file structure_0.txt (compact mmCIF, C-alpha atoms and all ligand atoms)
# COMPACT_ATOMS: atom_id res chain seq x y z
CA MET A 1 55.81 202.54 108.47
CA GLU A 2 54.83 199.74 110.74
CA THR A 3 55.36 201.94 113.69
CA SER A 4 53.20 204.80 112.37
CA ASN A 5 50.38 204.04 114.77
CA GLN A 6 52.71 203.34 117.60
CA PRO A 7 54.35 205.91 119.83
CA GLN A 8 57.78 206.87 118.66
CA LEU A 9 60.43 205.05 120.66
CA PRO A 10 63.00 207.19 122.29
CA GLY A 11 66.33 207.30 120.45
CA VAL A 12 68.07 205.30 123.19
CA VAL A 13 65.56 202.53 122.89
CA ARG A 14 65.90 202.69 119.07
CA SER A 15 69.61 202.35 119.29
CA ALA A 16 69.14 199.58 121.86
CA ARG A 17 66.89 197.71 119.41
CA TRP A 18 69.49 198.26 116.66
CA LEU A 19 72.15 196.94 118.95
CA TRP A 20 69.94 194.00 119.82
CA ARG A 21 69.46 193.27 116.11
CA VAL A 22 73.17 193.51 115.53
CA GLY A 23 73.63 191.27 118.53
CA LEU A 24 71.12 188.80 117.12
CA VAL A 25 72.89 188.77 113.76
CA LEU A 26 76.23 188.32 115.49
CA ALA A 27 74.72 185.59 117.63
CA LEU A 28 73.37 183.88 114.54
CA LEU A 29 76.74 184.24 112.87
CA ALA A 30 78.38 182.86 115.96
CA VAL A 31 75.96 179.93 116.06
CA THR A 32 76.55 179.35 112.34
CA ALA A 33 80.29 179.59 112.87
CA MET A 34 80.06 177.19 115.80
CA THR A 35 77.92 174.80 113.78
CA VAL A 36 80.38 174.90 110.89
CA GLY A 37 83.16 174.55 113.42
CA CYS A 38 81.44 171.62 114.97
CA GLN A 39 80.90 170.06 111.57
CA ARG A 40 84.55 170.60 110.83
CA GLU A 41 85.44 169.12 114.18
CA GLN A 42 83.12 166.24 113.44
CA VAL A 43 84.86 165.76 110.09
CA GLU A 44 88.17 165.96 111.89
CA ASP A 45 86.85 163.57 114.51
CA GLU A 46 85.62 161.20 111.82
CA GLU A 47 88.92 161.04 110.00
CA PRO A 48 90.81 159.20 112.76
CA VAL A 49 87.77 156.94 113.16
CA GLU A 50 88.02 156.08 109.47
CA ALA A 51 91.75 155.54 109.85
CA GLU A 52 91.14 153.26 112.83
CA THR A 53 88.66 151.15 110.86
CA VAL A 54 91.22 150.73 108.07
CA GLU A 55 94.12 149.82 110.31
CA PRO A 56 92.73 146.55 111.75
CA GLU A 57 92.02 145.36 108.18
CA ALA A 58 95.60 146.10 107.26
CA GLU A 59 96.76 144.20 110.34
CA GLU A 60 94.54 141.26 109.45
CA ALA A 61 95.96 141.28 105.93
CA GLU A 62 99.45 141.21 107.39
CA VAL A 63 98.51 138.35 109.69
CA ALA A 64 96.99 136.45 106.74
CA ALA A 65 100.14 137.01 104.68
CA ALA A 66 102.33 135.83 107.56
CA GLU A 67 100.25 132.71 108.14
CA GLU A 68 102.07 129.79 106.58
CA VAL A 69 100.04 126.93 105.21
CA GLU A 70 101.52 123.45 104.73
CA ILE A 71 101.89 122.72 101.03
CA GLU A 72 99.72 119.60 101.32
CA LYS A 73 96.72 121.91 101.96
CA ALA A 74 97.42 123.80 98.72
CA PHE A 75 96.94 120.51 96.86
CA THR A 76 93.94 119.23 98.82
CA GLU A 77 92.04 122.46 99.64
CA PRO A 78 93.24 125.06 97.11
CA LYS A 79 90.12 127.27 97.28
CA GLU A 80 90.42 127.64 101.08
CA ASN A 81 94.07 128.66 100.81
CA LEU A 82 94.10 131.20 97.98
CA GLU A 83 96.38 134.22 98.59
CA LYS A 84 98.01 132.45 101.54
CA GLN A 85 101.70 131.78 101.94
CA ILE A 86 102.33 128.14 101.17
CA THR A 87 105.42 126.34 102.35
CA GLY A 88 106.75 122.81 102.37
CA GLN A 89 108.33 120.01 100.38
CA ALA A 90 106.98 118.39 97.25
CA PRO A 91 108.41 116.25 94.46
CA VAL A 92 108.86 117.83 91.03
CA THR A 93 106.90 115.79 88.50
CA GLU A 94 107.71 117.81 85.38
CA VAL A 95 109.96 120.72 84.45
CA VAL A 96 108.51 123.06 81.80
CA SER A 97 111.10 125.86 81.77
CA GLU A 98 113.66 127.51 84.04
CA ARG A 99 110.78 129.52 85.54
CA GLY A 100 108.09 126.89 85.74
CA PHE A 101 107.66 123.32 86.95
CA TRP A 102 104.95 121.00 88.24
CA VAL A 103 104.91 119.66 91.78
CA GLY A 104 102.70 116.74 92.78
CA HIS A 105 100.97 115.28 95.80
CA LYS A 106 99.05 112.03 95.36
CA ASP A 107 96.50 112.61 92.56
CA ASN A 108 96.90 116.41 92.58
CA LYS A 109 99.41 118.65 90.89
CA LEU A 110 100.20 122.36 90.98
CA PHE A 111 102.14 124.47 88.53
CA THR A 112 104.82 126.54 90.23
CA VAL A 113 106.13 129.68 88.54
CA VAL A 114 108.86 132.10 89.57
CA ALA A 115 107.47 135.67 89.44
CA PRO A 116 110.66 137.71 88.72
CA ASP A 117 112.02 137.61 85.18
CA VAL A 118 115.16 135.58 85.99
CA SER A 119 117.58 134.39 83.35
CA LYS A 120 118.44 130.73 82.95
CA ASP A 121 121.86 130.96 84.63
CA GLU A 122 120.36 132.82 87.61
CA MET A 123 117.66 130.25 88.28
CA VAL A 124 118.14 127.34 90.65
CA GLU A 125 118.26 124.12 88.62
CA VAL A 126 115.23 121.94 89.19
CA ASN A 127 114.95 118.43 87.71
CA PRO A 128 112.11 115.93 87.45
CA GLY A 129 112.28 113.69 90.50
CA SER A 130 113.91 116.41 92.62
CA VAL A 131 112.23 117.23 95.90
CA VAL A 132 111.95 120.98 96.41
CA ASN A 133 111.19 123.09 99.45
CA VAL A 134 108.96 125.89 98.19
CA THR A 135 107.65 129.09 99.74
CA ALA A 136 105.03 130.63 97.45
CA THR A 137 101.64 132.32 97.28
CA LEU A 138 98.70 130.33 95.95
CA HIS A 139 96.98 132.44 93.29
CA THR A 140 94.19 131.91 90.80
CA LYS A 141 95.69 131.54 87.32
CA ASP A 142 94.54 135.08 86.39
CA ASP A 143 96.17 136.63 89.47
CA ALA A 144 99.24 134.49 88.82
CA MET A 145 99.48 135.82 85.26
CA ASN A 146 99.37 139.38 86.64
CA ALA A 147 102.00 138.62 89.28
CA VAL A 148 104.50 137.21 86.80
CA LYS A 149 107.00 139.74 85.43
CA GLY A 150 108.49 139.81 81.95
CA GLU A 151 107.71 137.58 79.02
CA LEU A 152 106.83 133.96 79.55
CA ASP A 153 107.66 131.42 76.88
CA ALA A 154 104.70 129.68 75.25
CA LYS A 155 105.12 126.39 77.16
CA THR A 156 105.24 128.09 80.57
CA ARG A 157 102.27 130.27 79.66
CA ALA A 158 100.29 127.24 78.51
CA ALA A 159 101.09 125.33 81.72
CA LEU A 160 100.14 128.34 83.85
CA THR A 161 96.66 128.46 82.33
CA GLU A 162 96.17 124.70 82.38
CA GLN A 163 94.60 124.64 85.86
CA ASP A 164 92.73 126.95 88.21
CA ASN A 165 95.41 127.66 90.80
CA VAL A 166 99.13 128.34 90.61
CA LEU A 167 101.94 128.59 93.15
CA VAL A 168 103.76 131.88 92.53
CA VAL A 169 107.26 132.15 93.96
CA ALA A 170 108.27 135.75 94.77
CA ASP A 171 112.01 135.08 94.63
CA LYS A 172 114.11 132.32 93.09
CA GLY A 173 115.63 131.87 96.59
CA ASN A 174 112.24 130.54 97.70
CA VAL A 175 112.85 127.34 95.72
CA GLU A 176 115.37 125.10 97.44
CA VAL A 177 116.30 121.70 96.05
CA VAL A 178 116.16 119.27 98.98
CA SER A 179 117.15 116.12 97.09
CA GLU A 180 118.04 115.10 93.55
CA PRO A 181 116.91 111.84 91.95
CA LYS A 182 119.36 109.06 92.71
CA ALA A 183 121.30 107.14 90.09
CA GLY A 184 120.69 103.46 89.38
CA ALA A 185 117.01 103.48 88.36
CA ASP A 186 117.77 100.88 85.66
CA LYS A 187 119.63 98.64 88.16
CA LYS A 188 117.15 98.42 91.00
CA MET A 189 114.95 95.44 90.12
CA LEU A 190 111.71 94.19 91.59
CA LYS A 191 112.64 90.58 92.42
CA VAL A 192 110.18 88.09 93.84
CA GLY A 193 110.92 84.38 94.16
CA GLY A 194 114.08 84.73 92.09
CA GLU A 195 112.15 86.21 89.16
CA GLU A 196 112.80 89.75 87.96
CA TYR A 197 109.75 91.89 87.31
CA GLY A 198 111.44 94.95 85.84
CA SER A 199 113.59 97.80 87.13
CA PHE A 200 112.42 101.13 88.55
CA ALA A 201 113.26 102.69 85.17
CA ASP A 202 111.08 100.09 83.40
CA TYR A 203 108.08 101.11 85.52
CA ASP A 204 108.76 104.84 85.11
CA ALA A 205 106.78 105.25 81.86
CA ASP A 206 107.13 109.06 81.65
CA LYS A 207 110.80 109.00 82.77
CA ASN A 208 110.37 111.62 85.51
CA ASN A 209 112.27 109.59 88.15
CA LEU A 210 109.04 109.11 90.13
CA LEU A 211 106.58 106.25 90.08
CA THR A 212 102.88 106.92 90.42
CA THR A 213 100.62 104.15 91.68
CA ARG A 214 99.27 103.90 88.14
CA GLU A 215 102.77 103.37 86.69
CA LEU A 216 103.43 100.65 89.27
CA THR A 217 100.11 98.96 88.59
CA ARG A 218 100.48 99.07 84.77
CA GLY A 219 104.07 97.84 85.06
CA LEU A 220 103.03 94.84 87.18
CA GLU A 221 100.21 94.02 84.78
CA ASP A 222 102.45 94.38 81.69
CA ARG A 223 104.89 91.89 83.26
CA GLU A 224 102.10 89.44 84.20
CA TYR A 225 103.28 89.66 87.79
CA PHE A 226 100.31 87.59 89.08
CA LYS A 227 100.93 84.65 86.74
CA GLU A 228 103.02 82.61 89.20
CA TRP A 229 100.34 82.75 91.94
CA ASP A 230 97.11 83.16 89.93
CA LYS A 231 96.28 79.44 89.77
CA ASN A 232 92.82 79.87 88.21
CA ASN A 233 94.04 82.43 85.64
CA ASP A 234 91.47 85.14 86.33
CA SER A 235 94.13 87.90 86.58
CA LYS A 236 93.19 88.37 90.25
CA LEU A 237 94.48 86.91 93.50
CA ASP A 238 92.09 85.37 95.98
CA GLN A 239 93.11 85.22 99.63
CA LYS A 240 95.03 81.93 99.32
CA GLU A 241 96.81 83.11 96.14
CA PHE A 242 97.60 86.46 97.75
CA THR A 243 99.03 84.86 100.89
CA ASN A 244 101.19 82.51 98.77
CA ASN A 245 102.43 85.56 96.86
CA MET A 246 103.35 87.36 100.09
CA TYR A 247 105.09 84.25 101.41
CA THR A 248 107.28 84.29 98.28
CA VAL A 249 107.77 88.09 98.52
CA PHE A 250 109.17 87.84 102.06
CA ASP A 251 111.15 84.62 101.50
CA ALA A 252 113.98 86.73 100.16
CA ASP A 253 116.55 83.89 99.90
CA GLN A 254 114.00 81.53 98.26
CA ASN A 255 114.67 78.55 100.53
CA ASP A 256 110.93 78.06 101.08
CA ARG A 257 111.33 79.03 104.70
CA ILE A 258 110.70 82.41 106.34
CA GLU A 259 113.38 82.86 108.94
CA GLU A 260 113.28 85.48 111.70
CA LYS A 261 115.38 87.92 109.64
CA GLU A 262 112.89 87.75 106.77
CA PHE A 263 109.98 87.93 109.22
CA ASN A 264 111.42 91.18 110.60
CA VAL A 265 111.26 92.74 107.12
CA LEU A 266 107.54 91.93 107.07
CA THR A 267 106.87 93.41 110.52
CA ASN A 268 109.02 96.48 109.81
CA ASN A 269 107.13 97.21 106.59
CA ILE A 270 103.52 96.42 107.37
CA ASP A 271 101.98 98.20 110.33
CA ALA A 272 99.17 95.65 110.68
CA VAL A 273 101.77 93.13 111.93
CA GLU A 274 104.26 95.52 113.53
CA ASP A 275 103.79 93.97 116.99
CA ALA A 276 103.82 90.36 115.77
CA GLU A 277 106.22 87.98 117.57
CA PHE A 278 108.19 85.47 115.50
CA ASP A 279 107.91 82.85 118.26
CA GLU A 280 104.11 83.08 118.18
CA TRP A 281 104.02 82.55 114.40
CA ASP A 282 106.57 79.68 114.59
CA ASP A 283 104.09 77.11 115.89
CA ASN A 284 106.45 74.11 115.94
CA ASP A 285 109.44 76.13 117.27
CA ASN A 286 111.83 75.06 114.50
CA ASN A 287 112.96 78.68 113.90
CA TRP A 288 111.40 79.06 110.48
CA LEU A 289 107.87 79.52 109.17
CA ASP A 290 106.42 77.17 106.61
CA ASN A 291 103.55 78.26 104.38
CA GLU A 292 100.87 76.95 106.81
CA GLU A 293 102.35 78.69 109.85
CA PHE A 294 102.70 81.92 107.85
CA ALA A 295 99.16 81.74 106.40
CA ALA A 296 97.52 81.03 109.77
CA GLN A 297 98.80 84.33 111.23
CA PHE A 298 99.02 86.43 108.06
CA ASP A 299 95.36 85.79 107.16
CA ASP A 300 94.30 86.75 110.70
CA ALA A 301 96.05 90.12 110.30
CA ASP A 302 93.53 91.22 107.62
CA ILE A 303 96.23 92.38 105.20
CA PHE A 304 94.34 90.81 102.32
CA ASP A 305 91.22 92.75 103.32
CA ALA A 306 93.22 95.98 103.39
CA PHE A 307 94.39 95.35 99.80
CA ASP A 308 90.91 94.24 98.66
CA ALA A 309 89.52 97.78 98.58
CA ASN A 310 86.18 96.91 96.97
CA ASP A 311 85.59 93.90 99.29
CA ASN A 312 84.91 91.40 96.48
CA ASP A 313 87.28 88.78 97.97
CA THR A 314 89.85 89.12 95.19
CA VAL A 315 92.74 91.53 94.72
CA ASP A 316 93.10 92.82 91.15
CA TYR A 317 96.12 94.62 89.68
CA ASN A 318 94.78 98.05 90.65
CA GLU A 319 94.23 96.99 94.25
CA TYR A 320 97.61 95.24 94.46
CA GLY A 321 99.44 98.27 92.99
CA GLU A 322 97.54 100.61 95.31
CA GLY A 323 98.27 98.46 98.36
CA LEU A 324 101.94 97.96 97.52
CA ALA A 325 102.45 101.67 96.79
CA GLY A 326 100.79 102.44 100.14
CA VAL A 327 103.28 100.19 101.92
CA TRP A 328 106.34 101.42 100.02
CA ASP A 329 105.52 105.16 99.96
CA LYS A 330 107.10 105.89 103.30
CA ASN A 331 106.70 109.69 103.16
CA ASP A 332 103.08 109.30 101.98
CA ASP A 333 103.36 111.82 99.13
CA GLY A 334 101.78 109.54 96.55
CA PHE A 335 105.00 108.91 94.61
CA LEU A 336 107.67 106.25 94.83
CA MET A 337 111.26 107.46 94.72
CA LEU A 338 114.00 105.01 93.80
CA ASP A 339 114.71 104.33 97.49
CA GLU A 340 111.00 103.60 98.12
CA PHE A 341 110.88 100.95 95.38
CA GLY A 342 110.72 97.58 97.15
CA PHE A 343 110.70 96.33 100.71
CA GLU A 344 113.63 97.42 102.78
CA GLU A 345 114.65 96.14 106.14
CA GLY A 346 114.11 98.61 108.93
CA VAL A 347 111.83 100.84 106.87
CA GLU A 348 108.62 101.60 108.65
CA VAL A 349 105.68 102.47 106.45
CA THR A 350 101.94 102.53 106.92
CA LEU A 351 99.51 100.11 105.32
CA LYS A 352 96.43 102.23 104.67
CA CA B 401 106.95 108.33 86.48
CA CA B 402 113.84 82.05 103.68
CA CA B 403 88.98 93.32 95.04
CA CA B 404 107.08 108.80 98.33
call {"tool": "encode", "arguments": {"input": "structure_0.txt", "output": "C-alpha cells", "more": "lines below"}}
Ligand SMILES: [Ca+2]
Ligand SMILES: [Ca+2]
Ligand SMILES: [Ca+2]
Ligand SMILES: [Ca+2]
result
Amino acid sequence: METSNQPQLPGVVRSARWLWRVGLVLALLAVTAMTVGCQREQVEDEEPVEAETVEPEAEEAEVAAAEEVEIEKAFTEPKENLEKQITGQAPVTEVVSERGFWVGHKDNKLFTVVAPDVSKDEMVEVNPGSVVNVTATLHTKDDAMNAVKGELDAKTRAALTEQDNVLVVADKGNVEVVSEPKAGADKKMLKVGGEEYGSFADYDADKNNLLTTRELTRGLEDREYFKEWDKNNDSKLDQKEFTNNMYTVFDADQNDRIEEKEFNVLTNNIDAVEDAEFDEWDDNDNNWLDNEEFAAQFDDADIFDAFDANDNDTVDYNEYGEGLAGVWDKNDDGFLMLDEFGFEEGVEVTLK
C-alpha cells in the first residue's frame, strides 16, 4: 500500500477523497461532454456557414443564366459567352433538319439545335433566308450533345459536331421567324448604264436566298462587270475608272446627266457624302452634274480610298464586292437580302 508508511486517514477524510475523486471523474466527464457538445455546436455552427457559402454561388449562377447576351457576341466571342443565354436576330443560312439549322453573321456561323425531341409537325418551320429571333444557350459541342434529347438524324448530328460551339434552344417556342425570304429573286436585276448584270438569284450560288460578299464578288467577276469601265483591261478600276463607273451607277435614267433626284440616291446611300449639297456640286448651276462636276467632288470624298482596302490605287473585284456589300448591307449582318440588293432611294447605309 502506498499509504503504509503514512498515518491512516480518518474515514471521513477517506470518504471525502473518494468523493473528490468521483467529483474529478464527473468533472472530467462534464468537460468531455462539454467539449463534445462544443464540437457538435461547432459542427452545427459550421453547417449554416457552409450553406451560406453555397448560396451566393447559386445566386451568381442564377444571375449568369438570366444575363442575356446579344447574339452577335455569340458569333464574335463564343468562348467568352459559353453557357450564357443568347438572344437576338440572325439570318438562317442553311436548314439541316426540323431540329437543326445554321445561322450566320458576317464570316461566322453557328449551328442551332432544338433540345427537346419535337416531331416535324410540332416544329416551327424555318427556311433558308428566313430571319429568326432566337433565345438559346451557347454550349460546347459536347455539352450540346448531352443537352439534346432523343435521337438525332445523321445530318443533324454531323452538323452539331462540325464546329466547337452550338446554340441549344430549350423550347421550340424560343425560335421565332421574324421574316421569310421575299419572292422575285429572279426578277430583281442589277442594272447599270442600261446593262443587266444578273438577278439576285443568279448571284445566289448556293440558293439560300442570301448573298454573301463572296457570292456578290464572284457574280460580278463572272459577268465581267468591270469591262465597260476598265479601259486598260487589267481587271481592276483605277480612280478615274471607278469614278466613271459610279457616275454611270447613279445616272439611273442614262441621260448622261446626274440630276438632283439621282444625286439624292447617292447621298442617301453613302455616308461619306451624306451632307453633300447638290448646289455645291453643280458648279455651273444648270441643275445637273456632268462627269467633271461629279468627279471633282466625288474624288474629294475619298470613296475610292474606302473601296481600295489595300491602298494600291486600284479597286479589284474583291474590293469592289466588299465595298458594295458594305453599302448595301443596311442591317450590317454580312448578308444581302433581296431588298438589300441594289441602291434604293431613301435607304441609309454605312460605307465602312
Ligand atoms: Ca447565297
Ligand atoms: Ca440622269
Ligand atoms: Ca486595291
Ligand atoms: Ca443584310
call {"tool": "residues_around", "arguments": {"input": "structure_0.txt", "residues": "A:Gly88", "least_positions_apart": "6", "cutoff": "6 Å", "atoms": "only C-alpha atoms", "output": "compact mmCIF listing (two decimals) with C-alpha atoms, in the frame of the given file"}}
result
# COMPACT_ATOMS: atom_id res chain seq x y z
CA GLU A 70 101.52 123.45 104.73
CA ILE A 71 101.89 122.72 101.03
CA ASN A 133 111.19 123.09 99.45
CA VAL A 134 108.96 125.89 98.19
call {"tool": "residues_near_ligand", "arguments": {"input": "structure_0.txt", "ligand": "ligand CA 404 (chain B)", "cutoff": "6 Å", "atoms": "all atoms listed in the file", "output": "JSON, numbers by chain"}}
result
{"A": [329, 330, 331, 332, 333, 334, 335, 336, 337]}
call {"tool": "closest_residue", "arguments": {"input": "structure_0.txt", "among": "A:Glu319, A:Gln89, A:Thr161, A:Asp290", "to": "A:Asp143", "atoms": "only C-alpha atoms"}}
result
A:Thr161
call {"tool": "residues_around", "arguments": {"input": "structure_0.txt", "residues": "stretch 182-185 of chain A", "least_positions_apart": "2", "cutoff": "6 Å", "atoms": "only C-alpha atoms", "output": "list in words"}}
result
Lys187, Lys188, Phe200 and Ala201 of chain A
call {"tool": "atom_distance", "arguments": {"input": "structure_0.txt", "atom1": "atom CA of A:Thr140", "atom2": "atom CA of A:Glu176"}}
result
23.2 Å
call {"tool": "residues_near_ligand", "arguments": {"input": "structure_0.txt", "ligand": "ligand CA 401 (chain B)", "cutoff": "12 Å", "atoms": "only C-alpha atoms and all ligand atoms", "output": "ChimeraX atom specification"}}
result
/A:91-94,104,128-129,181,185,200-219,334-338
call {"tool": "closest_atom_pairs", "arguments": {"input": "structure_0.txt", "of": "chain A", "to": "ligand CA 403 (chain B)", "cutoff": "7 Å", "atoms": "only C-alpha atoms and all ligand atoms", "output": "CSV"}}
result
residue,atom,partner,partner_atom,distance
A:Asp308,CA,B:CA403,CA,4.2
A:Ala309,CA,B:CA403,CA,5.7
A:Asn310,CA,B:CA403,CA,4.9
A:Asp311,CA,B:CA403,CA,5.5
A:Asn312,CA,B:CA403,CA,4.7
A:Asp313,CA,B:CA403,CA,5.7
A:Thr314,CA,B:CA403,CA,4.3
A:Val315,CA,B:CA403,CA,4.2
A:Asp316,CA,B:CA403,CA,5.7
A:Glu319,CA,B:CA403,CA,6.5
call {"tool": "atom_distance", "arguments": {"input": "structure_0.txt", "atom1": "atom CA of A:Tyr225", "atom2": "atom CA of A:Val192"}}
result
9.3 Å
call {"tool": "closest_residue", "arguments": {"input": "structure_0.txt", "among": "A:Glu228, A:Asp238, A:Glu260, A:Glu125", "to": "ligand CA 402 (chain B)", "atoms": "all atoms listed in the file"}}
result
A:Glu260
call {"tool": "residues_near_ligand", "arguments": {"input": "structure_0.txt", "ligand": "ligand CA 402 (chain B)", "cutoff": "7 Å", "atoms": "all atoms listed in the file", "output": "ChimeraX atom specification"}}
result
/A:251-259,262
call {"tool": "residues_around", "arguments": {"input": "structure_0.txt", "residues": "A:Ala147", "least_positions_apart": "6", "cutoff": "9 Å", "atoms": "all atoms listed in the file", "output": "PyMOL selection string"}}
result
chain A and resi 115-116+139+168+170
call {"tool": "atom_distance", "arguments": {"input": "structure_0.txt", "atom1": "atom CA of A:Phe101", "atom2": "atom CA of A:Ser199"}}
result
26.2 Å
call {"tool": "closest_residue", "arguments": {"input": "structure_0.txt", "among": "A:Leu190, A:Val131, A:Leu237, A:Val178", "to": "A:Phe307", "atoms": "all atoms listed in the file"}}
result
A:Leu237
call {"tool": "closest_residue", "arguments": {"input": "structure_0.txt", "among": "A:Lys155, A:Lys84, A:Lys227, A:Lys236", "to": "A:Tyr320", "atoms": "only C-alpha atoms"}}
result
A:Lys236
call {"tool": "residues_near_point", "arguments": {"input": "structure_0.txt", "point": "(91.8, 81.8, 99.0)", "cutoff": "12 Å", "atoms": "all atoms listed in the file", "output": "short mmCIF file (atom, residue, chain, number, x, y, z; two decimals) with C-alpha atoms, keeping the file's coordinate frame"}}
result
data_model
loop_
_atom_site.label_atom_id
_atom_site.label_comp_id
_atom_site.auth_asym_id
_atom_site.auth_seq_id
_atom_site.Cartn_x
_atom_site.Cartn_y
_atom_site.Cartn_z
CA TRP A 229 100.34 82.75 91.94
CA ASP A 230 97.11 83.16 89.93
CA LYS A 231 96.28 79.44 89.77
CA ASN A 232 92.82 79.87 88.21
CA LYS A 236 93.19 88.37 90.25
CA LEU A 237 94.48 86.91 93.50
CA ASP A 238 92.09 85.37 95.98
CA GLN A 239 93.11 85.22 99.63
CA LYS A 240 95.03 81.93 99.32
CA GLU A 241 96.81 83.11 96.14
CA PHE A 242 97.60 86.46 97.75
CA THR A 243 99.03 84.86 100.89
CA ASN A 244 101.19 82.51 98.77
CA ASN A 245 102.43 85.56 96.86
CA ALA A 295 99.16 81.74 106.40
CA ASP A 299 95.36 85.79 107.16
CA PHE A 304 94.34 90.81 102.32
CA ASP A 305 91.22 92.75 103.32
CA ASP A 313 87.28 88.78 97.97
CA THR A 314 89.85 89.12 95.19
CA VAL A 315 92.74 91.53 94.72
#
call {"tool": "closest_residue", "arguments": {"input": "structure_0.txt", "among": "A:Thr267, A:Asn286, A:Ser235, A:Gln163", "to": "A:Asp142", "atoms": "all atoms listed in the file"}}
result
A:Gln163
